[in-house]
Structure formats: structure tokens, C-alpha cells
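Containing mmCIF, C-alpha atoms and all ligand atoms: entry.cif.
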```
data_query
loop_
_atom_site.label_atom_id
_atom_site.label_comp_id
_atom_site.auth_asym_id
_atom_site.auth_seq_id
_atom_site.Cartn_x
_atom_site.Cartn_y
_atom_site.Cartn_z
CA MET A 1 91.41 128.24 84.89
CA SER A 2 94.94 129.47 84.21
CA ARG A 3 95.80 132.84 82.66
CA GLY A 4 96.88 133.10 79.04
CA GLY A 5 94.24 130.68 77.77
CA ALA A 6 96.15 127.45 78.42
CA GLU A 7 94.40 125.01 80.78
CA ALA A 8 96.52 123.79 83.68
CA PRO A 9 97.14 120.06 83.23
CA THR A 10 95.12 118.06 85.73
CA GLN A 11 96.85 115.41 87.74
CA PRO A 12 95.16 112.01 87.86
CA VAL A 13 93.65 111.24 91.25
CA LEU A 14 94.84 107.66 91.01
CA ARG A 15 97.41 105.80 88.96
CA VAL A 16 97.86 102.06 89.43
CA SER A 17 100.67 100.35 87.53
CA GLY A 18 101.63 96.69 87.36
CA LEU A 19 99.65 95.96 90.53
CA GLY A 20 99.67 92.38 91.73
CA LYS A 21 98.47 90.50 94.81
CA ARG A 22 99.10 86.88 95.70
CA TYR A 23 98.37 84.49 98.52
CA GLY A 24 101.29 82.04 98.73
CA ASP A 25 102.18 81.06 95.18
CA ALA A 26 98.75 81.85 93.74
CA TRP A 27 98.28 85.28 92.21
CA VAL A 28 94.79 86.73 92.66
CA PHE A 29 95.63 89.27 89.92
CA ARG A 30 98.71 90.88 88.44
CA GLY A 31 99.71 93.47 85.87
CA ILE A 32 96.73 95.69 86.70
CA GLU A 33 96.82 99.18 85.16
CA LEU A 34 94.33 101.92 85.99
CA GLN A 35 94.21 105.69 85.84
CA VAL A 36 91.32 107.72 87.24
CA GLU A 37 90.88 111.45 86.68
CA PRO A 38 89.15 114.02 88.93
CA GLY A 39 85.38 113.92 88.44
CA GLU A 40 85.46 110.39 87.00
CA PHE A 41 83.10 107.66 88.17
CA VAL A 42 84.46 104.17 87.41
CA ALA A 43 82.65 100.90 88.10
CA ILE A 44 84.58 97.65 88.49
CA VAL A 45 82.68 94.44 87.85
CA GLY A 46 83.78 90.81 87.62
CA GLU A 47 83.02 87.31 88.79
CA SER A 48 82.81 86.53 92.48
CA GLY A 49 86.28 85.79 93.89
CA VAL A 50 88.20 87.44 91.04
CA GLY A 51 89.69 90.00 93.44
CA LYS A 52 87.60 93.17 93.23
CA SER A 53 87.56 93.84 97.00
CA THR A 54 91.26 92.93 97.20
CA LEU A 55 92.05 95.44 94.46
CA LEU A 56 90.13 98.16 96.28
CA ASN A 57 91.90 97.30 99.53
CA CYS A 58 95.31 97.44 97.81
CA ILE A 59 94.47 100.86 96.35
CA ALA A 60 93.41 102.08 99.81
CA GLY A 61 96.55 100.61 101.40
CA LEU A 62 94.44 98.40 103.67
CA ASP A 63 96.04 95.39 101.99
CA ARG A 64 99.68 95.23 100.83
CA ALA A 65 100.21 94.59 97.12
CA ASP A 66 102.95 92.12 96.13
CA ALA A 67 103.86 93.91 92.90
CA GLY A 68 103.41 97.29 91.26
CA GLU A 69 102.65 100.74 92.52
CA VAL A 70 99.73 102.91 93.64
CA THR A 71 100.09 106.66 93.14
CA LEU A 72 97.46 108.89 94.76
CA LEU A 73 97.41 112.59 93.79
CA GLY A 74 100.96 112.22 92.46
CA GLN A 75 102.22 110.61 95.67
CA SER A 76 103.54 107.05 95.72
CA ILE A 77 101.87 105.93 98.92
CA ALA A 78 104.22 103.06 99.79
CA GLN A 79 107.14 105.52 99.91
CA LEU A 80 105.58 107.53 102.75
CA PRO A 81 106.30 106.64 106.39
CA GLU A 82 103.40 104.74 107.96
CA THR A 83 101.93 107.62 109.97
CA ALA A 84 102.09 109.90 106.93
CA GLN A 85 100.33 107.17 104.90
CA ALA A 86 97.54 107.03 107.47
CA HIS A 87 97.14 110.80 107.48
CA PHE A 88 97.18 110.98 103.69
CA ARG A 89 94.46 108.32 103.50
CA ARG A 90 92.36 109.99 106.19
CA ARG A 91 92.53 113.31 104.35
CA HIS A 92 92.04 112.22 100.74
CA LEU A 93 90.18 108.88 100.76
CA GLY A 94 86.63 107.92 101.59
CA PHE A 95 86.01 104.19 101.87
CA VAL A 96 82.63 102.46 101.98
CA PHE A 97 83.22 98.91 103.18
CA GLN A 98 81.12 95.85 102.36
CA ALA A 99 80.74 95.33 106.12
CA PHE A 100 79.90 98.81 107.35
CA HIS A 101 82.50 99.14 110.15
CA VAL A 102 80.23 101.46 112.10
CA LEU A 103 81.40 102.00 115.70
CA PRO A 104 78.66 100.56 117.97
CA HIS A 105 79.16 102.84 121.00
CA LEU A 106 79.07 106.10 119.06
CA SER A 107 75.82 107.70 117.94
CA VAL A 108 74.96 107.85 114.25
CA ALA A 109 75.99 111.54 114.13
CA GLN A 110 79.27 110.81 115.94
CA ASN A 111 80.04 107.99 113.50
CA VAL A 112 79.40 110.24 110.51
CA GLY A 113 81.39 113.13 112.02
CA LEU A 114 84.39 110.98 112.97
CA PRO A 115 86.53 111.71 109.87
CA LEU A 116 86.16 115.47 110.50
CA LEU A 117 87.01 115.04 114.18
CA LEU A 118 90.14 113.03 113.29
CA LEU A 119 91.20 115.79 110.89
CA GLY A 120 90.72 118.38 113.65
CA THR A 121 87.80 120.10 111.88
CA PRO A 122 84.57 118.96 113.61
CA ASP A 123 81.46 120.44 112.00
CA ASP A 124 77.99 119.54 113.33
CA ALA A 125 76.16 121.42 110.56
CA ARG A 126 77.95 119.38 107.93
CA VAL A 127 77.03 116.16 109.76
CA THR A 128 73.35 117.19 109.71
CA GLN A 129 73.64 117.93 105.98
CA ALA A 130 75.39 114.63 105.26
CA LEU A 131 72.69 112.68 107.11
CA ALA A 132 69.97 114.46 105.14
CA ALA A 133 71.75 113.72 101.84
CA VAL A 134 71.36 109.98 102.47
CA GLY A 135 67.83 110.23 103.86
CA LEU A 136 68.70 109.83 107.56
CA GLU A 137 67.56 113.22 108.84
CA GLY A 138 66.54 113.14 112.50
CA LEU A 139 68.33 109.85 113.26
CA GLY A 140 71.67 111.34 114.38
CA GLU A 141 71.15 110.70 118.10
CA ARG A 142 70.40 106.99 117.68
CA LEU A 143 72.91 104.22 118.27
CA PRO A 144 73.81 102.01 115.30
CA GLN A 145 71.97 99.03 116.84
CA GLN A 146 68.73 101.05 116.54
CA LEU A 147 69.04 101.23 112.74
CA SER A 148 68.19 98.78 109.97
CA GLY A 149 70.86 97.26 107.71
CA GLY A 150 70.02 99.64 104.88
CA GLN A 151 70.14 102.63 107.22
CA LEU A 152 73.54 101.50 108.54
CA GLN A 153 74.81 101.25 104.98
CA ARG A 154 73.79 104.88 104.48
CA VAL A 155 75.61 105.90 107.70
CA ALA A 156 78.75 104.31 106.22
CA ILE A 157 78.26 106.28 103.00
CA ALA A 158 77.68 109.60 104.78
CA ARG A 159 80.85 108.96 106.80
CA ALA A 160 82.87 108.20 103.65
CA LEU A 161 81.76 111.45 102.00
CA ILE A 162 81.70 113.92 104.90
CA HIS A 163 85.28 115.17 104.56
CA ARG A 164 84.86 115.61 100.78
CA PRO A 165 87.61 113.19 99.84
CA GLN A 166 89.23 113.34 96.41
CA LEU A 167 88.89 109.59 95.92
CA ILE A 168 85.91 107.53 97.03
CA LEU A 169 86.29 103.76 97.09
CA ALA A 170 82.97 101.97 97.45
CA ASP A 171 82.68 98.19 97.80
CA GLU A 172 79.11 97.10 96.94
CA PRO A 173 77.54 100.14 98.64
CA SER A 174 74.05 99.26 97.43
CA GLY A 175 74.34 95.53 98.09
CA ASN A 176 71.92 95.32 101.02
CA LEU A 177 69.47 97.95 99.94
CA ASP A 178 66.01 97.93 98.39
CA PRO A 179 65.97 99.40 94.86
CA GLY A 180 64.68 102.83 95.96
CA THR A 181 67.27 103.25 98.72
CA ALA A 182 70.02 101.86 96.45
CA ALA A 183 69.17 104.53 93.88
CA ARG A 184 69.34 107.23 96.58
CA VAL A 185 72.74 106.01 97.75
CA MET A 186 74.08 105.96 94.18
CA GLU A 187 72.71 109.49 93.78
CA ALA A 188 74.69 110.66 96.85
CA LEU A 189 77.88 109.17 95.37
CA ALA A 190 77.23 110.63 91.91
CA LEU A 191 76.54 114.07 93.44
CA GLN A 192 79.85 114.03 95.27
CA VAL A 193 81.57 113.26 91.97
CA GLU A 194 79.71 115.99 90.07
CA GLN A 195 79.70 118.75 92.68
CA GLN A 196 83.05 118.20 94.42
CA GLY A 197 84.98 116.86 91.43
CA ALA A 198 85.82 113.73 93.42
CA ALA A 199 86.78 110.52 91.66
CA CYS A 200 84.87 107.38 92.58
CA ILE A 201 85.65 103.70 92.10
CA LEU A 202 82.65 101.50 92.69
CA VAL A 203 82.85 97.72 92.96
CA THR A 204 79.47 96.23 92.18
CA HIS A 205 77.52 93.24 90.91
CA SER A 206 74.58 95.52 90.16
CA HIS A 207 74.03 96.37 86.53
CA THR A 208 71.82 99.30 87.58
CA ALA A 209 74.52 100.72 89.87
CA ALA A 210 77.22 100.27 87.19
CA GLN A 211 75.07 102.26 84.76
CA ARG A 212 75.70 105.39 86.84
CA ALA A 213 79.44 105.17 86.09
CA HIS A 214 81.27 106.90 83.23
CA ARG A 215 83.35 103.76 82.61
CA VAL A 216 82.71 100.11 83.44
CA LEU A 217 85.81 97.89 83.76
CA ARG A 218 85.85 94.12 84.17
CA LEU A 219 88.55 92.66 86.43
CA THR A 220 90.27 89.49 85.20
CA ALA A 221 93.37 87.74 86.56
CA ASP A 222 95.68 89.98 84.54
CA ALA A 223 93.80 93.09 83.39
CA LEU A 224 91.02 95.59 83.87
CA LEU A 225 89.16 95.47 80.57
CA GLY A 226 86.73 98.08 79.23
CA GLU A 227 83.18 96.72 78.81
N1 LIG B 1 93.56 85.59 103.38
C1 LIG B 1 93.38 84.96 102.22
N2 LIG B 1 94.09 83.84 101.92
C2 LIG B 1 93.95 83.21 100.74
N3 LIG B 1 93.11 83.61 99.77
C3 LIG B 1 92.37 84.71 100.02
C4 LIG B 1 92.46 85.44 101.24
N4 LIG B 1 91.61 86.50 101.17
C5 LIG B 1 91.01 86.44 99.95
N5 LIG B 1 91.45 85.36 99.26
C6 LIG B 1 91.05 84.96 97.91
O1 LIG B 1 91.30 86.06 97.05
C7 LIG B 1 90.33 86.07 96.00
C8 LIG B 1 89.75 87.45 95.83
O2 LIG B 1 88.82 87.76 96.86
P1 LIG B 1 87.93 89.08 96.80
O3 LIG B 1 87.12 89.13 98.04
O4 LIG B 1 88.82 90.23 96.51
O5 LIG B 1 87.02 88.79 95.52
P2 LIG B 1 85.80 89.63 94.97
O6 LIG B 1 85.97 89.69 93.48
O7 LIG B 1 85.67 90.92 95.68
O8 LIG B 1 84.60 88.66 95.34
P3 LIG B 1 83.01 88.95 95.62
O9 LIG B 1 82.46 89.52 94.34
O10 LIG B 1 82.49 87.58 95.92
O11 LIG B 1 82.93 89.89 96.80
C9 LIG B 1 89.29 85.01 96.34
O12 LIG B 1 89.47 83.90 95.48
C10 LIG B 1 89.56 84.69 97.78
O13 LIG B 1 89.27 83.33 98.04
#
```

Using the file provided, produce a representation of the structure as C-alpha cells.
Ligand SMILES: Nc1ncnc2c1ncn2[C@@H]1O[C@H](COP(=O)(O)OP(=O)(O)OP(=O)(O)O)[C@@H](O)[C@H]1O
Amino acid sequence: MSRGGAEAPTQPVLRVSGLGKRYGDAWVFRGIELQVEPGEFVAIVGESGVGKSTLLNCIAGLDRADAGEVTLLGQSIAQLPETAQAHFRRRHLGFVFQAFHVLPHLSVAQNVGLPLLLLGTPDDARVTQALAAVGLEGLGERLPQQLSGGQLQRVAIARALIHRPQLILADEPSGNLDPGTAARVMEALALQVEQQGAACILVTHSHTAAQRAHRVLRLTADALLGE
């Protein structure tokens, strides 16, 4: 809190303006506007194929938008040199992919600890904590092939949260999970939002998962509409 009674203005974690993506002449979406504040949990829903994963990928810079701008923590990402973009993403973003992208030759603990290692701040105690938070205590020494699909999904979530990113992008993180495990995974995401003040954008088909969010937005070809 600032002195003199006035609250310091908070900067949005994410601002998306006029965002568009096309393949050839066909636009997947365009004119997308979105602002997400620290501590906000936003769910994005919409029909299959409407472009939810593509939107998330454009926000993360994993896919190049064809129109508009993405501003993360006040920084227009496209204006940074490529290596600075990669570092910025590594530091501030946590991404849970639909396909887990777990590295097969690293142990579960090494996979989860990788973001910290890449940032030059390895921390085994935090890895142990992160595994426990998603119900994988004691499984750190295993290889990914020795885990079930639902357990792998939780490895991906622990890895996305371990460096306490300011923006978490989660693409169907509870898609392959039984209802109990899905609830636990959503709890881990919600905790990160509440306790660390992170912002989270969740793409989901699950009504139950969307209920955890503060705002539910429906993606159409030319807007994100409040539900
Ligand atoms: N490389 C590509 N070339 C052409 N079209 C593509 C390509 N990749 C994706 N698309 C199209 O872009 C659209 C958006 O796909 P996307 O995966 O973002 O949708 P989604 O809303 O996440 O779908 P789902 O809910 O089924 O996961 C789809 O219609 C898809 O066919």
C-alpha cells in the first residue's frame, strides 16, 4: 500500500487489443479485446474449433498473431528482440498445454524443477512442495513413462506454477482427469491466483472448471463475450 492513503494503480497483467489470427484468407478470429488484472481468474469457453487454443498460443507468443497487440505487464512483447521475448515468457508465464510436453528422459522432479533451473534459481524444496500441492508426493524420482495420464497432467501443472508466474495460461488442464483429480488440479490453480496474486486464463469445456473462475468469456469469431 502506498503512503498518503492513495492506492498505487495496478497495472493489468495482460492487455490484448484488436488481436486477429488467420490461416490463408480465413480468419480464425479477429478484433479480440481482453484485459486481465492481477489476481483474476478468467475462463474462456466456446465451440470446438473456434480458436481458444490458438488465442492462448498467440497470447503466449507460441503462435504469431496476424493483427493486434499483446501487452504483458506493460510490455508489448512483439517489440522485444527474440531472446528477450523468450526470457520474459520464461520468467512471467506458466503454460499448461493440452498435450503435456513433459520431457521423457528427465525424472518427474527434474521436469517440475526445469523452469527454476532455466532461471538460474534451482530449488529442490520448492519442487517437493509443488509435487505435494498436486498430490504427487513421493513420485519425484520416477520417469514420466511410469506415470498415468492424469498424473502426467499434474506434473505439467506443477511445472507451470513452480516459478510463481504472474500469468498462468491453462489449456484444458482438467481434460483427462477423473472428477476428484480435476477438482484438485483446479484447486492448485485457484490457490496460485489467491495466494500469489497471479492471473489465470483457463480454456475449458468443463462447466465445473469454469465455475471456479471470476469471469467466464465465450470466444466467437470477432469477440470475447461475457457469459
Ligand atoms: N495450421 C493450421 N492451418 C489451418 N487451420 C488451422 C491450423 N491450425 C488450426 N487451424 C484451425 O484453427 C481453428 C482453431 O483451432 P483451435 O485448436 O484454436 O480451436 P479450439 O477452440 O481450441 O478447439 P477445441 O475446443 O476443439 O480444442 C480450427 O478451426 C482449426 O481447424

Could you give me, as a ChimeraX atom specification, the residues that sit within 12 Å of (96.6, 112.0, 104.4) in the file's coordinates, counting all atoms listed in the file? /A:60-61,72-73,75,77,80-94,115,118-119,163,165-167

Protein and nucleic residues near ligand LIG 1 (chain B), 7 Å, all atoms listed in the file, as a list of chain:residue names: A:Tyr23, A:Val28, A:Gly46, A:Glu47, A:Ser48, A:Gly49, A:Val50, A:Gly51, A:Lys52, A:Ser53, A:Thr54, A:Leu55

Tell me, in Å to one decimal, how far atom CA of A:Ala160 is from atom CA of A:Arg15. 20.8 Å

Between atom CA of A:Cys200 and atom CA of A:Leu147, distance in Å (one decimal):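 That distance, rounded to one decimal, is 26.4 Å.
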
Counting all atoms listed in the file, figure out which residue out of A:Arg164, A:His214, A:Arg184, A:Arg142 gets nearest to A:Gln110.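 The answer is A:Arg142, which sits nearest to A:Gln110.
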
Return the single residue from A:Gly68, A:Gly140, A:Gly24, A:Pro173 that is closest to A:Leu189, with distances computed using only C-alpha atoms. A:Pro173

Find the residues around A:Ala156 up to 12 Å (only C-alpha atoms counted), leave out those fewer than 4 positions away in its own chain, and share them as number ranges by chain. A: 94-103, 108-115, 130-131, 134, 136, 144, 149-152, 160-162, 169-174, 185, 189

File dump, residues just selected, C-alpha atoms, as a compact mmCIF listing (two decimals), in the frame of the given file:
```txt
# COMPACT_ATOMS: atom_id res chain seq x y z
CA GLY A 94 86.63 107.92 101.59
CA PHE A 95 86.01 104.19 101.87
CA VAL A 96 82.63 102.46 101.98
CA PHE A 97 83.22 98.91 103.18
CA GLN A 98 81.12 95.85 102.36
CA ALA A 99 80.74 95.33 106.12
CA PHE A 100 79.90 98.81 107.35
CA HIS A 101 82.50 99.14 110.15
CA VAL A 102 80.23 101.46 112.10
CA LEU A 103 81.40 102.00 115.70
CA VAL A 108 74.96 107.85 114.25
CA ALA A 109 75.99 111.54 114.13
CA GLN A 110 79.27 110.81 115.94
CA ASN A 111 80.04 107.99 113.50
CA VAL A 112 79.40 110.24 110.51
CA GLY A 113 81.39 113.13 112.02
CA LEU A 114 84.39 110.98 112.97
CA PRO A 115 86.53 111.71 109.87
CA ALA A 130 75.39 114.63 105.26
CA LEU A 131 72.69 112.68 107.11
CA VAL A 134 71.36 109.98 102.47
CA LEU A 136 68.70 109.83 107.56
CA PRO A 144 73.81 102.01 115.30
CA GLY A 149 70.86 97.26 107.71
CA GLY A 150 70.02 99.64 104.88
CA GLN A 151 70.14 102.63 107.22
CA LEU A 152 73.54 101.50 108.54
CA ALA A 160 82.87 108.20 103.65
CA LEU A 161 81.76 111.45 102.00
CA ILE A 162 81.70 113.92 104.90
CA LEU A 169 86.29 103.76 97.09
CA ALA A 170 82.97 101.97 97.45
CA ASP A 171 82.68 98.19 97.80
CA GLU A 172 79.11 97.10 96.94
CA PRO A 173 77.54 100.14 98.64
CA SER A 174 74.05 99.26 97.43
CA VAL A 185 72.74 106.01 97.75
CA LEU A 189 77.88 109.17 95.37
```

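Residues in contact with A:Lys21 at up to 6 Å, not including ones fewer than 4 positions away on its chain and judged by all atoms listed in the file, are Trp27, Val28, Phe29, Ala65 and Asp66 of chain A.
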